[in-house]
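See below for the structure under consideration.
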Amino acid sequence: MSVVTVSHAAVSYGGRAVLQDIDLDVRAGQVVAILGTNGSGKSTLIRTILGLVPATAGEITLFGVPQRRFRQWSRIGYVPQRMGAGSGVPATVGEVVASGRLARRGIFRPSGAGDREAVRVALDDVGLLDRIGDPVSTLSGGQQQRTLIARALAGRPDLLVLDEPTAGVDAASQDAFAEVLSRFAAAGGTILLVAHELGPVAPLIDKAVVVHHGRIAYEGAVPEPAGHHAEPGHDHVHPHAEAERARICVAPTDRMPAG
Amino acid sequence: MVRALVGALIIGLIAPALGIYLVQRRLSLIGDGIGHVALTGVGVGLLLHRSPVLTAVVVSVVGAIGVELVRERGRTSGDLALALLFYGGIAGGVVLVGLSDDSSNANLMQFLFGSLTTTSRQDLGVIAVLGVAVLVAMLGLRQALFAVCHDEEYARVSGLPVRTLNLLMAVTTAVTVTIAMRTVGLLLVSALMVVPVAAAQQVTRGFRSTMAAAMMIGVGAAAAGVCLAGEVDTAPGATIVILAIAIFLAITVGAATWQVLRRRVAPAHPQTEPPDVVLQTELR
């Protein structure tokens, strides 16, 4: 069954075409990674799929329903790239994660025991249950990202959409995400994630889609590193938690298999 | 005197409940902005020989919705939009009042500063009804409003009616400020929306506790302020605001002192993330 289909979609910002002629199909249970360099349009693609950016052409369907008429937003869990800059008004980890229950509950019903339980389960899943009462501003960047993942998971979604979940995050947190995501996928969930580099998440990916200059340049298995990226001494500007393993990056110098 | 106290207490309770969302969205000065736009509404009312309060509410609602739509588009920053409101509001009010038959600027001043000590029973009734409506909306929709103010994009993907909630907050702010300012004055309403929240967030850890603490501080400042103003014979509105700011300063200094003392006694937080670089145990 198809979870997300995009056909011939195009997006433009202020007269400039950012995405053109995009076709994408994500089936239930798949783990799909959208790769590309900065500025390739990959974040815009998932924001368009989620309805945050209007598509100027083409069709998008979610769970078989055209996006315009889609209402079951509780089936989708969105994990944005970063928690917004604080305004000074504090919020605890528990409160942030609790807002993930609103899609399921609606705005008029008060929260109940079921909601509190779901928040605790989600925080336990990402390993932050002991910080449930702490202000989010006291958490590290990686822990804040885990809080955002817990928020998305609290609503028990069928599809998780993550925007660069590992960008600027410490290695231990990256490994923690990979575990959370693999548990979610093993339970039958569908994952769509945007990444610049895959890191510990690479083994989970069923299909990689590479966006380049606003078009799909490649679709298939995760591309092999090419050129100097394949050398054992290759330096990455992200931390490694354990000994060097082959990492995959998608940079303009990579040569993708002809497709 | 009792009526003044009750009026101030109600405002002290409901203003922070509304203000916490405004502070979270960095719109702390919007109370003042709307109050000044209301002056144009008063001018319209006097010019058209209609009830100035009614036209003031209508104009300030339109102004608040305008600020919200400008903010949503993202092209003009929030503070610039507010500045346009302020200056346009006062200028419009002065010009329109000047054009009307009843061209006494005294009308504008009374609207701006209110008269807490001459609150009538009818005024109090209106404030009470307003108070109940605001509390029901702001407390009942707390989770949804928090989600929208904390992360608007996530709220949108959750299927929440984001634009409706934003407009609800704008309209509630406009109605609250305009109706309350006639009684307690613009200074008091807009200050009590923001200062108790500022004081509470110095020491609280979560949103719910901040809201509760801010409401208590608002009520406390209002009660103490009216009593003190009665004793010392000062303007009650201004006294309440000064007390609220004094509470803010006291909490800030107290919290800072507590932190310094605690650091001397407690050890460093034991939980640390593992280092990302290999630490050299031997120095060459």
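Within each chain, counting starts at residue 1; across the structure tokens, chains are named A, B, ... in the order shown, with ligands numbered 1 upward in that order.
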- Message: I need the contact residues of chain A against chain B, so if you could list those with any atom within 9 Å, counting only C-alpha atoms, and return them as a PyMOL selection string, that would help.
- Response: chain A and resi 50-52+71-74+76-80+83-84+86-96+98-104+106-111+133-136+140+170-172+239-241
- Task: Give the strand (DSSP E or B) residues of stretch 60-246 of chain A, as DSSP finds them on the backbone, and put them as number ranges by chain.
- Result: A: 60-62, 65-66, 76-79, 92, 135, 159-163, 190-195, 197, 207-212, 215-220
Limited to C-alpha atoms, could you put the picked residues into a file as a tab-separated table (two decimals), in the first residue's frame?
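Generated output (selection_13.tsv):
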chain	number	residue	atom	x	y	z
A	60	ILE	CA	0.69	14.53	-3.82
A	61	THR	CA	-1.25	11.81	-2.05
A	62	LEU	CA	-0.88	10.71	1.57
A	65	VAL	CA	-5.86	10.48	-0.12
A	66	PRO	CA	-5.03	13.67	-2.08
A	76	ILE	CA	2.12	11.28	10.43
A	77	GLY	CA	4.87	12.16	12.92
A	78	TYR	CA	7.06	15.09	11.84
A	79	VAL	CA	10.52	15.66	13.30
A	92	THR	CA	9.57	20.90	30.16
A	135	PRO	CA	13.35	22.38	30.96
A	159	LEU	CA	4.71	7.41	9.04
A	160	LEU	CA	7.71	9.21	10.53
A	161	VAL	CA	9.14	12.10	8.55
A	162	LEU	CA	12.50	13.38	9.75
A	163	ASP	CA	14.37	16.42	8.43
A	190	THR	CA	7.22	3.75	7.43
A	191	ILE	CA	10.10	6.20	7.60
A	192	LEU	CA	10.96	9.05	5.25
A	193	LEU	CA	14.08	10.91	6.18
A	194	VAL	CA	16.16	13.67	4.69
A	195	ALA	CA	19.88	13.45	5.30
A	197	GLU	CA	25.09	12.03	5.53
A	207	LYS	CA	15.71	3.00	-0.82
A	208	ALA	CA	17.76	6.12	-1.35
A	209	VAL	CA	16.58	8.99	-3.49
A	210	VAL	CA	19.14	11.61	-4.47
A	211	VAL	CA	17.95	15.14	-5.22
A	212	HIS	CA	20.31	17.26	-7.25
A	215	ARG	CA	15.46	17.01	-9.71
A	216	ILE	CA	15.66	13.35	-8.77
A	217	ALA	CA	19.11	12.26	-9.93
A	218	TYR	CA	19.11	8.70	-8.62
A	219	GLU	CA	16.78	6.20	-6.98
A	220	GLY	CA	17.80	2.80	-5.69
- DSSP helix (DSSP H, G or I) residues within stretch 55-216 of chain A, as a VMD selection string: chain A and resid 67 to 69 73 to 75 93 to 105 113 to 126 129 to 131 136 to 138 141 to 154 171 to 186 199 to 204
- Item | Atom pair atom CA of B:Leu243 / atom CA of B:Leu22: separation (Å) |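 According to the coordinates, atom CA of B:Leu243 and atom CA of B:Leu22 are separated by 21.4 Å.
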- Find the residues around stretch 123-134 of chain B up to 9 Å (only C-alpha atoms counted), leave out those fewer than 5 positions away in its own chain, and share them as a list in words.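 Once the nearby chain positions are removed, what remains is Arg3, Ala4, Val6, Gly7, Ile10, Ile11, Leu13, Ile14, Ala15, Ala17, Leu18, Leu139, Thr172, Val175, Thr176, Ile179, Ala180, Arg182 and Thr183 of chain B.
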- Query: For B:Arg121, which of B:Leu249, B:Val177, B:Met1, B:Ala191 is the closest residue, counting only C-alpha atoms?
  - Reply: B:Met1
- Task: Measure the distance from atom CA of B:Met215 to atom CA of B:Leu187 in Å and round it to one decimal.
- Result: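 Between atom CA of B:Met215 and atom CA of B:Leu187 the gap is 17.6 Å.
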- Query: Residues at most 7 Å from B:Ala244, counting only C-alpha atoms, excluding those fewer than 4 positions away in the same chain, as a list in words?
  - Reply: Val195, Pro196, Ala221, Ile240 and Phe248 of chain B
- Tell me which protein, DNA and RNA residues are within 12 Å of A:Val121, counting only C-alpha atoms, leaving out same-chain ones fewer than 6 positions away, and put them as a PyMOL selection string. chain A and resi 94+97-98+114-115+127-130+132+150-151+153-156
- May I ask for the distance between atom CA of B:Gly237 and atom CA of B:Phe113, given in Å to one decimal place?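 These atoms are spaced 8.6 Å apart.
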- Task: Choose the residue, out of A:Leu181, A:Ala221, A:Val11, A:Ala57, that has the smallest atom-to-atom separation from A:Val201; count only C-alpha atoms.
- Result: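 Smallest separation from A:Val201 among the options: A:Leu181.
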- Hey, what's within 10 Å of A:Asn38 if we count only C-alpha atoms and toss same-chain stuff fewer than 4 positions away? As a ChimeraX atom specification, please? /A:42-43,195-196,212-213,251
Write a file of the selected residues as a PDB file, in the first residue's frame, keeping C-alpha atoms.
ATOM      1  CA  LYS A  42      15.630  17.873  -0.340  1.00  0.00           C
ATOM      2  CA  SER A  43      14.219  19.674   2.705  1.00  0.00           C
ATOM      3  CA  ALA A 195      19.877  13.453   5.299  1.00  0.00           C
ATOM      4  CA  HIS A 196      23.108  14.956   4.179  1.00  0.00           C
ATOM      5  CA  HIS A 212      20.308  17.261  -7.253  1.00  0.00           C
ATOM      6  CA  HIS A 213      19.556  20.777  -8.508  1.00  0.00           C
ATOM      7  CA  ALA A 251      28.579  15.228  -2.316  1.00  0.00           C
TER       8      ALA A 251
END
- Determine the nearest neighbour of B:Gly45 from the options B:Gly63, B:Leu85, B:Gly93, B:Leu69, counting only C-alpha atoms. B:Gly93
